[in-house]
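*Asks:* Structure file work_6.cif (mmCIF, N, CA, C and O atoms) is given on the next line.
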data_final
#
loop_
_atom_site.label_atom_id
_atom_site.label_comp_id
_atom_site.auth_asym_id
_atom_site.auth_seq_id
_atom_site.Cartn_x
_atom_site.Cartn_y
_atom_site.Cartn_z
N MET D 1 2.38 52.25 14.11
CA MET D 1 2.95 51.69 12.91
C MET D 1 4.48 51.59 13.08
O MET D 1 5.09 52.47 13.69
N PHE D 2 5.04 50.56 12.52
CA PHE D 2 6.46 50.30 12.67
C PHE D 2 7.12 50.12 11.31
O PHE D 2 6.48 49.69 10.35
N ASP D 3 8.42 50.42 11.26
CA ASP D 3 9.20 50.09 10.08
C ASP D 3 9.69 48.65 10.25
O ASP D 3 9.35 47.97 11.21
N ILE D 4 10.51 48.16 9.33
CA ILE D 4 10.93 46.76 9.37
C ILE D 4 11.74 46.45 10.63
O ILE D 4 11.63 45.36 11.19
N SER D 5 12.51 47.39 11.12
CA SER D 5 13.28 47.17 12.33
C SER D 5 12.36 46.95 13.52
O SER D 5 12.54 45.99 14.30
N GLY D 6 11.37 47.79 13.66
CA GLY D 6 10.39 47.63 14.73
C GLY D 6 9.59 46.34 14.55
O GLY D 6 9.28 45.65 15.53
N ALA D 7 9.27 46.01 13.30
CA ALA D 7 8.52 44.78 13.02
C ALA D 7 9.32 43.55 13.42
O ALA D 7 8.78 42.61 14.00
N LEU D 8 10.62 43.56 13.13
CA LEU D 8 11.46 42.43 13.51
C LEU D 8 11.54 42.28 15.03
O LEU D 8 11.52 41.17 15.56
N ASN D 9 11.61 43.39 15.73
CA ASN D 9 11.61 43.34 17.20
C ASN D 9 10.31 42.75 17.72
O ASN D 9 10.31 41.98 18.69
N LEU D 10 9.19 43.09 17.08
CA LEU D 10 7.91 42.52 17.48
C LEU D 10 7.89 41.01 17.25
O LEU D 10 7.39 40.25 18.08
N LEU D 11 8.43 40.59 16.10
CA LEU D 11 8.51 39.15 15.82
C LEU D 11 9.33 38.43 16.89
O LEU D 11 8.92 37.39 17.40
N LYS D 12 10.48 39.00 17.20
CA LYS D 12 11.35 38.38 18.20
C LYS D 12 10.70 38.31 19.57
O LYS D 12 11.00 37.42 20.37
N ALA D 13 9.77 39.23 19.84
CA ALA D 13 9.07 39.23 21.12
C ALA D 13 7.87 38.27 21.12
O ALA D 13 7.15 38.19 22.10
N GLY D 14 7.66 37.58 20.00
CA GLY D 14 6.60 36.58 19.94
C GLY D 14 5.29 37.03 19.35
O GLY D 14 4.30 36.30 19.39
N HIS D 15 5.24 38.23 18.77
CA HIS D 15 4.01 38.74 18.17
C HIS D 15 3.90 38.31 16.71
O HIS D 15 4.90 38.05 16.05
N ARG D 16 2.66 38.27 16.22
CA ARG D 16 2.43 38.16 14.78
C ARG D 16 2.30 39.58 14.25
O ARG D 16 1.75 40.46 14.94
N ILE D 17 2.77 39.81 13.04
CA ILE D 17 2.72 41.16 12.46
C ILE D 17 2.07 41.11 11.09
O ILE D 17 2.04 40.07 10.44
N GLN D 18 1.58 42.27 10.67
CA GLN D 18 0.99 42.38 9.34
C GLN D 18 1.16 43.79 8.81
O GLN D 18 1.49 44.70 9.56
N ARG D 19 0.91 43.93 7.52
CA ARG D 19 0.87 45.24 6.88
C ARG D 19 -0.54 45.45 6.37
O ARG D 19 -0.89 44.97 5.30
N PRO D 20 -1.37 46.14 7.10
CA PRO D 20 -2.77 46.28 6.71
C PRO D 20 -2.98 47.06 5.42
O PRO D 20 -4.01 46.91 4.77
N ASP D 21 -2.00 47.85 5.02
CA ASP D 21 -2.14 48.62 3.79
C ASP D 21 -1.67 47.86 2.57
O ASP D 21 -1.79 48.33 1.45
N SER D 22 -1.14 46.65 2.74
CA SER D 22 -0.59 45.90 1.62
C SER D 22 -1.71 45.23 0.83
O SER D 22 -2.87 45.20 1.25
N ASN D 23 -1.35 44.65 -0.30
CA ASN D 23 -2.34 43.95 -1.11
C ASN D 23 -2.53 42.50 -0.67
O ASN D 23 -3.23 41.74 -1.31
N MET D 24 -1.90 42.13 0.44
CA MET D 24 -2.03 40.77 0.95
C MET D 24 -2.98 40.77 2.14
O MET D 24 -2.56 40.84 3.30
N ARG D 25 -4.25 40.71 1.87
CA ARG D 25 -5.25 40.71 2.94
C ARG D 25 -5.22 39.40 3.69
O ARG D 25 -4.93 38.35 3.12
N ASN D 26 -5.53 39.46 4.96
CA ASN D 26 -5.61 38.29 5.82
C ASN D 26 -4.30 37.51 5.90
O ASN D 26 -4.29 36.29 5.99
N VAL D 27 -3.18 38.23 5.83
CA VAL D 27 -1.86 37.61 5.90
C VAL D 27 -1.08 38.21 7.05
O VAL D 27 -1.05 39.43 7.21
N SER D 28 -0.48 37.35 7.86
CA SER D 28 0.40 37.83 8.92
C SER D 28 1.67 36.98 8.93
O SER D 28 1.70 35.86 8.41
N TYR D 29 2.71 37.55 9.52
CA TYR D 29 4.00 36.87 9.64
C TYR D 29 4.25 36.52 11.09
O TYR D 29 3.84 37.24 11.99
N PHE D 30 4.96 35.42 11.31
CA PHE D 30 5.33 35.03 12.67
C PHE D 30 6.58 34.16 12.60
O PHE D 30 6.94 33.65 11.54
N LEU D 31 7.26 34.03 13.74
CA LEU D 31 8.43 33.17 13.82
C LEU D 31 8.03 31.81 14.35
O LEU D 31 7.23 31.70 15.28
N LYS D 32 8.58 30.79 13.73
CA LYS D 32 8.35 29.42 14.19
C LYS D 32 9.71 28.85 14.53
O LYS D 32 10.69 29.08 13.82
N TYR D 33 9.78 28.12 15.62
CA TYR D 33 11.05 27.56 16.08
C TYR D 33 11.08 26.06 15.80
O TYR D 33 10.10 25.35 16.04
N ASP D 34 12.21 25.61 15.29
CA ASP D 34 12.43 24.18 15.05
C ASP D 34 13.87 23.86 15.39
O ASP D 34 14.79 24.45 14.80
N ASN D 35 14.06 22.97 16.35
CA ASN D 35 15.40 22.61 16.81
C ASN D 35 16.23 23.84 17.20
O ASN D 35 17.41 23.94 16.88
N GLY D 36 15.58 24.79 17.86
CA GLY D 36 16.26 25.97 18.35
C GLY D 36 16.56 27.02 17.29
O GLY D 36 17.18 28.04 17.58
N LYS D 37 16.10 26.82 16.07
CA LYS D 37 16.35 27.76 14.98
C LYS D 37 15.04 28.48 14.63
O LYS D 37 13.98 27.88 14.64
N GLN D 38 15.14 29.77 14.32
CA GLN D 38 13.98 30.58 13.97
C GLN D 38 13.73 30.55 12.47
O GLN D 38 14.67 30.69 11.68
N TYR D 39 12.47 30.43 12.10
CA TYR D 39 12.07 30.49 10.70
C TYR D 39 10.91 31.45 10.56
O TYR D 39 10.01 31.49 11.42
N LEU D 40 10.90 32.22 9.47
CA LEU D 40 9.79 33.14 9.21
C LEU D 40 8.70 32.38 8.48
O LEU D 40 8.94 31.70 7.48
N PHE D 41 7.47 32.48 9.02
CA PHE D 41 6.32 31.84 8.43
C PHE D 41 5.23 32.86 8.14
O PHE D 41 5.19 33.93 8.76
N VAL D 42 4.37 32.52 7.21
CA VAL D 42 3.19 33.31 6.88
C VAL D 42 1.97 32.52 7.29
O VAL D 42 1.91 31.30 7.11
N ARG D 43 1.00 33.22 7.85
CA ARG D 43 -0.31 32.63 8.14
C ARG D 43 -1.32 33.38 7.29
O ARG D 43 -1.39 34.61 7.35
N GLN D 44 -2.07 32.65 6.49
CA GLN D 44 -3.02 33.27 5.58
C GLN D 44 -4.41 32.65 5.78
O GLN D 44 -4.56 31.43 5.75
N ALA D 45 -5.39 33.51 5.99
CA ALA D 45 -6.78 33.07 6.09
C ALA D 45 -7.36 33.11 4.68
O ALA D 45 -7.30 34.14 4.00
N LEU D 46 -7.90 31.99 4.25
CA LEU D 46 -8.51 31.94 2.93
C LEU D 46 -9.85 32.66 2.95
O LEU D 46 -10.61 32.56 3.91
N GLU D 47 -10.13 33.40 1.88
CA GLU D 47 -11.39 34.14 1.81
C GLU D 47 -12.57 33.19 1.80
O GLU D 47 -12.51 32.13 1.18
N ASN D 48 -13.63 33.57 2.47
CA ASN D 48 -14.86 32.78 2.56
C ASN D 48 -14.62 31.38 3.10
O ASN D 48 -15.27 30.43 2.68
N SER D 49 -13.65 31.24 3.99
CA SER D 49 -13.33 29.94 4.56
C SER D 49 -12.78 30.13 5.97
O SER D 49 -12.24 31.18 6.29
N ILE D 50 -12.89 29.11 6.78
CA ILE D 50 -12.28 29.16 8.11
C ILE D 50 -10.89 28.54 8.08
O ILE D 50 -10.20 28.52 9.09
N GLU D 51 -10.48 28.05 6.92
CA GLU D 51 -9.18 27.39 6.79
C GLU D 51 -8.04 28.41 6.85
O GLU D 51 -8.12 29.49 6.27
N LEU D 52 -6.99 28.03 7.57
CA LEU D 52 -5.77 28.84 7.66
C LEU D 52 -4.62 28.06 7.04
O LEU D 52 -4.47 26.87 7.29
N LEU D 53 -3.83 28.74 6.25
CA LEU D 53 -2.62 28.15 5.69
C LEU D 53 -1.41 28.73 6.39
O LEU D 53 -1.37 29.93 6.65
N GLU D 54 -0.43 27.90 6.69
CA GLU D 54 0.84 28.37 7.23
C GLU D 54 1.95 27.77 6.39
O GLU D 54 1.94 26.57 6.09
N TYR D 55 2.90 28.63 5.99
CA TYR D 55 4.00 28.15 5.17
C TYR D 55 5.22 29.05 5.35
O TYR D 55 5.09 30.21 5.70
N PRO D 56 6.42 28.48 5.11
CA PRO D 56 7.65 29.28 5.22
C PRO D 56 7.62 30.43 4.22
O PRO D 56 7.02 30.33 3.16
N SER D 57 8.28 31.52 4.59
CA SER D 57 8.25 32.71 3.74
C SER D 57 9.52 33.52 3.89
O SER D 57 10.38 33.22 4.71
N THR D 58 9.61 34.54 3.08
CA THR D 58 10.66 35.56 3.19
C THR D 58 9.97 36.91 3.04
O THR D 58 8.82 36.99 2.61
N PHE D 59 10.67 37.96 3.41
CA PHE D 59 10.14 39.29 3.19
C PHE D 59 10.47 39.74 1.77
O PHE D 59 11.55 39.48 1.25
N ASP D 60 9.52 40.42 1.14
CA ASP D 60 9.74 41.05 -0.16
C ASP D 60 10.35 42.44 0.06
O ASP D 60 10.36 42.96 1.16
N TRP D 61 10.83 43.04 -1.01
CA TRP D 61 11.41 44.37 -0.93
C TRP D 61 10.39 45.36 -0.36
O TRP D 61 10.71 46.19 0.49
N ASP D 62 9.14 45.27 -0.81
CA ASP D 62 8.10 46.17 -0.30
C ASP D 62 7.94 46.03 1.21
O ASP D 62 7.67 47.01 1.90
N ASP D 63 8.11 44.81 1.73
CA ASP D 63 8.03 44.60 3.17
C ASP D 63 9.19 45.29 3.88
O ASP D 63 9.04 45.86 4.96
N LEU D 64 10.36 45.22 3.30
CA LEU D 64 11.56 45.78 3.92
C LEU D 64 11.53 47.30 4.02
O LEU D 64 12.08 47.87 4.95
N ILE D 65 10.89 47.94 3.07
CA ILE D 65 10.85 49.41 3.08
C ILE D 65 9.56 49.96 3.68
O ILE D 65 9.42 51.17 3.84
N ALA D 66 8.62 49.08 4.02
CA ALA D 66 7.33 49.53 4.57
C ALA D 66 7.50 50.15 5.95
O ALA D 66 8.36 49.75 6.73
N THR D 67 6.67 51.11 6.25
CA THR D 67 6.65 51.74 7.58
C THR D 67 5.29 51.58 8.23
O THR D 67 4.92 52.34 9.12
N THR D 68 4.54 50.58 7.79
CA THR D 68 3.16 50.42 8.25
C THR D 68 2.91 49.07 8.93
O THR D 68 1.80 48.58 8.95
N TRP D 69 3.95 48.47 9.47
CA TRP D 69 3.77 47.20 10.17
C TRP D 69 3.02 47.43 11.47
O TRP D 69 3.17 48.45 12.13
N GLU D 70 2.20 46.45 11.86
CA GLU D 70 1.51 46.51 13.13
C GLU D 70 1.34 45.10 13.70
O GLU D 70 1.44 44.12 12.96
N VAL D 71 1.08 45.04 14.99
CA VAL D 71 0.83 43.77 15.66
C VAL D 71 -0.55 43.30 15.27
O VAL D 71 -1.49 44.09 15.18
N VAL D 72 -0.69 42.00 15.04
CA VAL D 72 -2.01 41.43 14.75
C VAL D 72 -2.77 41.32 16.06
O VAL D 72 -2.28 40.70 17.01
N SER D 73 -3.93 41.92 16.10
CA SER D 73 -4.74 41.86 17.32
C SER D 73 -5.39 40.49 17.45
O SER D 73 -5.55 39.77 16.46
N THR D 74 -5.79 40.15 18.63
CA THR D 74 -6.43 38.85 18.86
C THR D 74 -7.81 38.78 18.25
O THR D 74 -8.36 37.70 18.08
N THR D 75 -8.39 39.92 17.88
CA THR D 75 -9.71 39.93 17.26
C THR D 75 -9.64 39.95 15.74
O THR D 75 -10.64 39.98 15.07
N SER D 76 -8.43 39.92 15.20
CA SER D 76 -8.25 39.97 13.75
C SER D 76 -8.76 38.68 13.11
O SER D 76 -8.76 37.61 13.71
N THR D 77 -9.15 38.75 11.84
CA THR D 77 -9.59 37.57 11.11
C THR D 77 -8.43 36.67 10.74
O THR D 77 -8.61 35.55 10.35
N CYS D 78 -7.23 37.17 10.84
CA CYS D 78 -6.05 36.38 10.51
C CYS D 78 -5.45 35.88 11.82
O CYS D 78 -4.76 36.61 12.50
N HIS D 79 -5.69 34.64 12.19
CA HIS D 79 -5.26 34.09 13.47
C HIS D 79 -3.93 33.42 13.37
O HIS D 79 -3.63 32.61 12.66
#
The structure in this file should be written as structure tokens.
*Replies:*
Amino acid sequence: MFDISGALNLLKAGHRIQRPDSNMRNVSYFLKYDNGKQYLFVRQALENSIELLEYPSTFDWDDLIATTWEVVSTTSTCH
């Protein structure tokens, strides 16, 4: 488990991250690059669907103080 500093390092290394203890199930964060600039995005798997949504995001206060960040595994339902 990582705090926000460790989570940001994981993002910069190209990993998707999530907070499994949060109330946002099937949600992970990742960096997307556009014209050489980094943007924070969320990937959300809709319940009872194979559809994935991706949209720009920011971290909430709860995300900033969380110490439970982890890398999204390749077997996770949130791709």
*Asks:* Residues near stretch 49-56 of chain D, anyone? I mean within 8 Å using all atoms listed in the file, not counting same-chain ones fewer than 6 positions away, as a list of chain:residue names.
*Replies:*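 The filter keeps D:Asn26, D:Val27, D:Ser28, D:Tyr29, D:Phe30, D:Tyr39, D:Leu40, D:Phe41, D:Val42, D:Arg43, D:Thr77, D:His79.
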*Asks:* Just to be explicit: take each residue in the selection above, keep N, CA, C and O atoms, and write the result as a PDB file, keeping the file's coordinate frame.
*Replies:*
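Dumped to selection-v7.pdb:
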ATOM      1  N   ASN D  26      -5.530  39.460   4.960  1.00  0.00           N
ATOM      2  CA  ASN D  26      -5.610  38.290   5.820  1.00  0.00           C
ATOM      3  C   ASN D  26      -4.300  37.510   5.900  1.00  0.00           C
ATOM      4  O   ASN D  26      -4.290  36.290   5.990  1.00  0.00           O
ATOM      5  N   VAL D  27      -3.180  38.230   5.830  1.00  0.00           N
ATOM      6  CA  VAL D  27      -1.860  37.610   5.900  1.00  0.00           C
ATOM      7  C   VAL D  27      -1.080  38.210   7.050  1.00  0.00           C
ATOM      8  O   VAL D  27      -1.050  39.430   7.210  1.00  0.00           O
ATOM      9  N   SER D  28      -0.480  37.350   7.860  1.00  0.00           N
ATOM     10  CA  SER D  28       0.400  37.830   8.920  1.00  0.00           C
ATOM     11  C   SER D  28       1.670  36.980   8.930  1.00  0.00           C
ATOM     12  O   SER D  28       1.700  35.860   8.410  1.00  0.00           O
ATOM     13  N   TYR D  29       2.710  37.550   9.520  1.00  0.00           N
ATOM     14  CA  TYR D  29       4.000  36.870   9.640  1.00  0.00           C
ATOM     15  C   TYR D  29       4.250  36.520  11.090  1.00  0.00           C
ATOM     16  O   TYR D  29       3.840  37.240  11.990  1.00  0.00           O
ATOM     17  N   PHE D  30       4.960  35.420  11.310  1.00  0.00           N
ATOM     18  CA  PHE D  30       5.330  35.030  12.670  1.00  0.00           C
ATOM     19  C   PHE D  30       6.580  34.160  12.600  1.00  0.00           C
ATOM     20  O   PHE D  30       6.940  33.650  11.540  1.00  0.00           O
ATOM     21  N   TYR D  39      12.470  30.430  12.100  1.00  0.00           N
ATOM     22  CA  TYR D  39      12.070  30.490  10.700  1.00  0.00           C
ATOM     23  C   TYR D  39      10.910  31.450  10.560  1.00  0.00           C
ATOM     24  O   TYR D  39      10.010  31.490  11.420  1.00  0.00           O
ATOM     25  N   LEU D  40      10.900  32.220   9.470  1.00  0.00           N
ATOM     26  CA  LEU D  40       9.790  33.140   9.210  1.00  0.00           C
ATOM     27  C   LEU D  40       8.700  32.380   8.480  1.00  0.00           C
ATOM     28  O   LEU D  40       8.940  31.700   7.480  1.00  0.00           O
ATOM     29  N   PHE D  41       7.470  32.480   9.020  1.00  0.00           N
ATOM     30  CA  PHE D  41       6.320  31.840   8.430  1.00  0.00           C
ATOM     31  C   PHE D  41       5.230  32.860   8.140  1.00  0.00           C
ATOM     32  O   PHE D  41       5.190  33.930   8.760  1.00  0.00           O
ATOM     33  N   VAL D  42       4.370  32.520   7.210  1.00  0.00           N
ATOM     34  CA  VAL D  42       3.190  33.310   6.880  1.00  0.00           C
ATOM     35  C   VAL D  42       1.970  32.520   7.290  1.00  0.00           C
ATOM     36  O   VAL D  42       1.910  31.300   7.110  1.00  0.00           O
ATOM     37  N   ARG D  43       1.000  33.220   7.850  1.00  0.00           N
ATOM     38  CA  ARG D  43      -0.310  32.630   8.140  1.00  0.00           C
ATOM     39  C   ARG D  43      -1.320  33.380   7.290  1.00  0.00           C
ATOM     40  O   ARG D  43      -1.390  34.610   7.350  1.00  0.00           O
ATOM     41  N   THR D  77      -9.150  38.750  11.840  1.00  0.00           N
ATOM     42  CA  THR D  77      -9.590  37.570  11.110  1.00  0.00           C
ATOM     43  C   THR D  77      -8.430  36.670  10.740  1.00  0.00           C
ATOM     44  O   THR D  77      -8.610  35.550  10.350  1.00  0.00           O
ATOM     45  N   HIS D  79      -5.690  34.640  12.190  1.00  0.00           N
ATOM     46  CA  HIS D  79      -5.260  34.090  13.470  1.00  0.00           C
ATOM     47  C   HIS D  79      -3.930  33.420  13.370  1.00  0.00           C
ATOM     48  O   HIS D  79      -3.630  32.610  12.660  1.00  0.00           O
TER      49      HIS D  79
END
*Asks:* What does the distance from atom CA of D:Arg25 to atom N of D:Lys37 come to in Å, to one decimal?
*Replies:*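 Those two atoms sit 28.7 Å apart.
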*Asks:* Quick check for you: according to DSSP on this backbone, which residues of stretch 19-71 of chain D are classed as strand (DSSP E or B)? Reply as a list in words.
*Replies:*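 Here is the list: Val27, Ser28, Tyr29, Phe30, Leu31, Lys32, Tyr33, Asp34, Lys37, Gln38, Tyr39, Leu40, Phe41, Val42, Arg43, Gln44, Ala45, Leu52, Leu53, Glu54, Tyr55, Pro56, Trp69, Glu70 and Val71 of chain D.
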*Asks:* Taking 5 positions as the minimum chain separation for residues in the same chain, which residues sit within 12 Å of D:Ala7 when counting only C-alpha atoms? Answer as a list in words.
*Replies:*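 Near D:Ala7, the qualifying residues are Met1, Phe2, Lys12, Ala13, Gly14, His15, Arg16, Ile17, Gln18, Arg19, Ser28, Tyr29, Phe30, Leu31, Phe59, Asp63, Leu64, Ile65, Ala66, Thr67, Thr68, Trp69, Glu70, Val71 and Val72 of chain D.
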*Asks:* What's the separation between atom O of D:Gly6 and atom N of D:Glu47, in Å to one decimal place?
*Replies:*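 So the two atoms, atom O of D:Gly6 and atom N of D:Glu47, lie 26.7 Å apart.
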*Asks:* What is the atom CA of D:Leu10 to atom O of D:Lys32 distance in Å?
*Replies:* 14.2 Å
*Asks:* From the DSSP assignment of the backbone, select every residue of chain D that is alpha helix (DSSP H), and format the answer as an mmCIF file with N, CA, C and O atoms, in the frame of the given file.
*Replies:*
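Written output follows (part.cif):
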data_model
loop_
_atom_site.group_PDB
_atom_site.id
_atom_site.type_symbol
_atom_site.label_atom_id
_atom_site.label_comp_id
_atom_site.auth_asym_id
_atom_site.auth_seq_id
_atom_site.Cartn_x
_atom_site.Cartn_y
_atom_site.Cartn_z
ATOM 1 N N ILE D 4 10.510 48.160 9.330
ATOM 2 C CA ILE D 4 10.930 46.760 9.370
ATOM 3 C C ILE D 4 11.740 46.450 10.630
ATOM 4 O O ILE D 4 11.630 45.360 11.190
ATOM 5 N N SER D 5 12.510 47.390 11.120
ATOM 6 C CA SER D 5 13.280 47.170 12.330
ATOM 7 C C SER D 5 12.360 46.950 13.520
ATOM 8 O O SER D 5 12.540 45.990 14.300
ATOM 9 N N GLY D 6 11.370 47.790 13.660
ATOM 10 C CA GLY D 6 10.390 47.630 14.730
ATOM 11 C C GLY D 6 9.590 46.340 14.550
ATOM 12 O O GLY D 6 9.280 45.650 15.530
ATOM 13 N N ALA D 7 9.270 46.010 13.300
ATOM 14 C CA ALA D 7 8.520 44.780 13.020
ATOM 15 C C ALA D 7 9.320 43.550 13.420
ATOM 16 O O ALA D 7 8.780 42.610 14.000
ATOM 17 N N LEU D 8 10.620 43.560 13.130
ATOM 18 C CA LEU D 8 11.460 42.430 13.510
ATOM 19 C C LEU D 8 11.540 42.280 15.030
ATOM 20 O O LEU D 8 11.520 41.170 15.560
ATOM 21 N N ASN D 9 11.610 43.390 15.730
ATOM 22 C CA ASN D 9 11.610 43.340 17.200
ATOM 23 C C ASN D 9 10.310 42.750 17.720
ATOM 24 O O ASN D 9 10.310 41.980 18.690
ATOM 25 N N LEU D 10 9.190 43.090 17.080
ATOM 26 C CA LEU D 10 7.910 42.520 17.480
ATOM 27 C C LEU D 10 7.890 41.010 17.250
ATOM 28 O O LEU D 10 7.390 40.250 18.080
ATOM 29 N N LEU D 11 8.430 40.590 16.100
ATOM 30 C CA LEU D 11 8.510 39.150 15.820
ATOM 31 C C LEU D 11 9.330 38.430 16.890
ATOM 32 O O LEU D 11 8.920 37.390 17.400
ATOM 33 N N LYS D 12 10.480 39.000 17.200
ATOM 34 C CA LYS D 12 11.350 38.380 18.200
ATOM 35 C C LYS D 12 10.700 38.310 19.570
ATOM 36 O O LYS D 12 11.000 37.420 20.370
ATOM 37 N N TRP D 61 10.830 43.040 -1.010
ATOM 38 C CA TRP D 61 11.410 44.370 -0.930
ATOM 39 C C TRP D 61 10.390 45.360 -0.360
ATOM 40 O O TRP D 61 10.710 46.190 0.490
ATOM 41 N N ASP D 62 9.140 45.270 -0.810
ATOM 42 C CA ASP D 62 8.100 46.170 -0.300
ATOM 43 C C ASP D 62 7.940 46.030 1.210
ATOM 44 O O ASP D 62 7.670 47.010 1.900
ATOM 45 N N ASP D 63 8.110 44.810 1.730
ATOM 46 C CA ASP D 63 8.030 44.600 3.170
ATOM 47 C C ASP D 63 9.190 45.290 3.880
ATOM 48 O O ASP D 63 9.040 45.860 4.960
ATOM 49 N N LEU D 64 10.360 45.220 3.300
ATOM 50 C CA LEU D 64 11.560 45.780 3.920
ATOM 51 C C LEU D 64 11.530 47.300 4.020
ATOM 52 O O LEU D 64 12.080 47.870 4.950
ATOM 53 N N ILE D 65 10.890 47.940 3.070
ATOM 54 C CA ILE D 65 10.850 49.410 3.080
ATOM 55 C C ILE D 65 9.560 49.960 3.680
ATOM 56 O O ILE D 65 9.420 51.170 3.840
#
*Asks:* Any chance you could build stretch 64-71 of chain D out to all heavy atoms and write it as a tab-separated table (two decimals), keeping the file's coordinate frame?
*Replies:*
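Contents of the output file part20.tsv:
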chain	number	residue	atom	x	y	z
D	64	LEU	N	10.36	45.22	3.30
D	64	LEU	CA	11.56	45.78	3.92
D	64	LEU	C	11.53	47.30	4.02
D	64	LEU	O	12.08	47.87	4.95
D	64	LEU	CB	12.81	45.33	3.18
D	64	LEU	CG	13.09	43.83	3.20
D	64	LEU	CD1	14.30	43.50	2.34
D	64	LEU	CD2	13.30	43.33	4.62
D	65	ILE	N	10.89	47.94	3.07
D	65	ILE	CA	10.85	49.41	3.08
D	65	ILE	C	9.56	49.96	3.68
D	65	ILE	O	9.42	51.17	3.84
D	65	ILE	CB	11.09	49.99	1.68
D	65	ILE	CG1	10.01	49.53	0.70
D	65	ILE	CG2	12.49	49.63	1.17
D	65	ILE	CD1	10.07	50.21	-0.67
D	66	ALA	N	8.62	49.08	4.02
D	66	ALA	CA	7.33	49.53	4.57
D	66	ALA	C	7.50	50.15	5.95
D	66	ALA	O	8.36	49.75	6.73
D	66	ALA	CB	6.36	48.35	4.65
D	67	THR	N	6.67	51.11	6.25
D	67	THR	CA	6.65	51.74	7.58
D	67	THR	C	5.29	51.58	8.23
D	67	THR	O	4.92	52.34	9.12
D	67	THR	CB	7.01	53.23	7.47
D	67	THR	OG1	6.08	53.85	6.60
D	67	THR	CG2	8.42	53.43	6.97
D	68	THR	N	4.54	50.58	7.79
D	68	THR	CA	3.16	50.42	8.25
D	68	THR	C	2.91	49.07	8.93
D	68	THR	O	1.80	48.58	8.95
D	68	THR	CB	2.19	50.56	7.06
D	68	THR	OG1	2.57	49.64	6.05
D	68	THR	CG2	2.20	51.98	6.53
D	69	TRP	N	3.95	48.47	9.47
D	69	TRP	CA	3.77	47.20	10.17
D	69	TRP	C	3.02	47.43	11.47
D	69	TRP	O	3.17	48.45	12.13
D	69	TRP	CB	5.13	46.59	10.50
D	69	TRP	CG	5.82	46.03	9.31
D	69	TRP	CD1	6.83	46.63	8.61
D	69	TRP	CD2	5.58	44.78	8.69
D	69	TRP	NE1	7.22	45.82	7.58
D	69	TRP	CE2	6.48	44.68	7.60
D	69	TRP	CE3	4.70	43.74	8.92
D	69	TRP	CZ2	6.51	43.56	6.77
D	69	TRP	CZ3	4.74	42.63	8.10
D	69	TRP	CH2	5.65	42.56	7.04
D	70	GLU	N	2.20	46.45	11.86
D	70	GLU	CA	1.51	46.51	13.13
D	70	GLU	C	1.34	45.10	13.70
D	70	GLU	O	1.44	44.12	12.96
D	70	GLU	CB	0.15	47.19	13.01
D	70	GLU	CG	-0.84	46.43	12.15
D	70	GLU	CD	-2.16	47.18	12.01
D	70	GLU	OE1	-2.20	48.39	12.19
D	70	GLU	OE2	-3.17	46.49	11.73
D	71	VAL	N	1.08	45.04	14.99
D	71	VAL	CA	0.83	43.77	15.66
D	71	VAL	C	-0.55	43.30	15.27
D	71	VAL	O	-1.49	44.09	15.18
D	71	VAL	CB	0.93	43.94	17.19
D	71	VAL	CG1	0.50	42.66	17.90
D	71	VAL	CG2	2.34	44.32	17.60
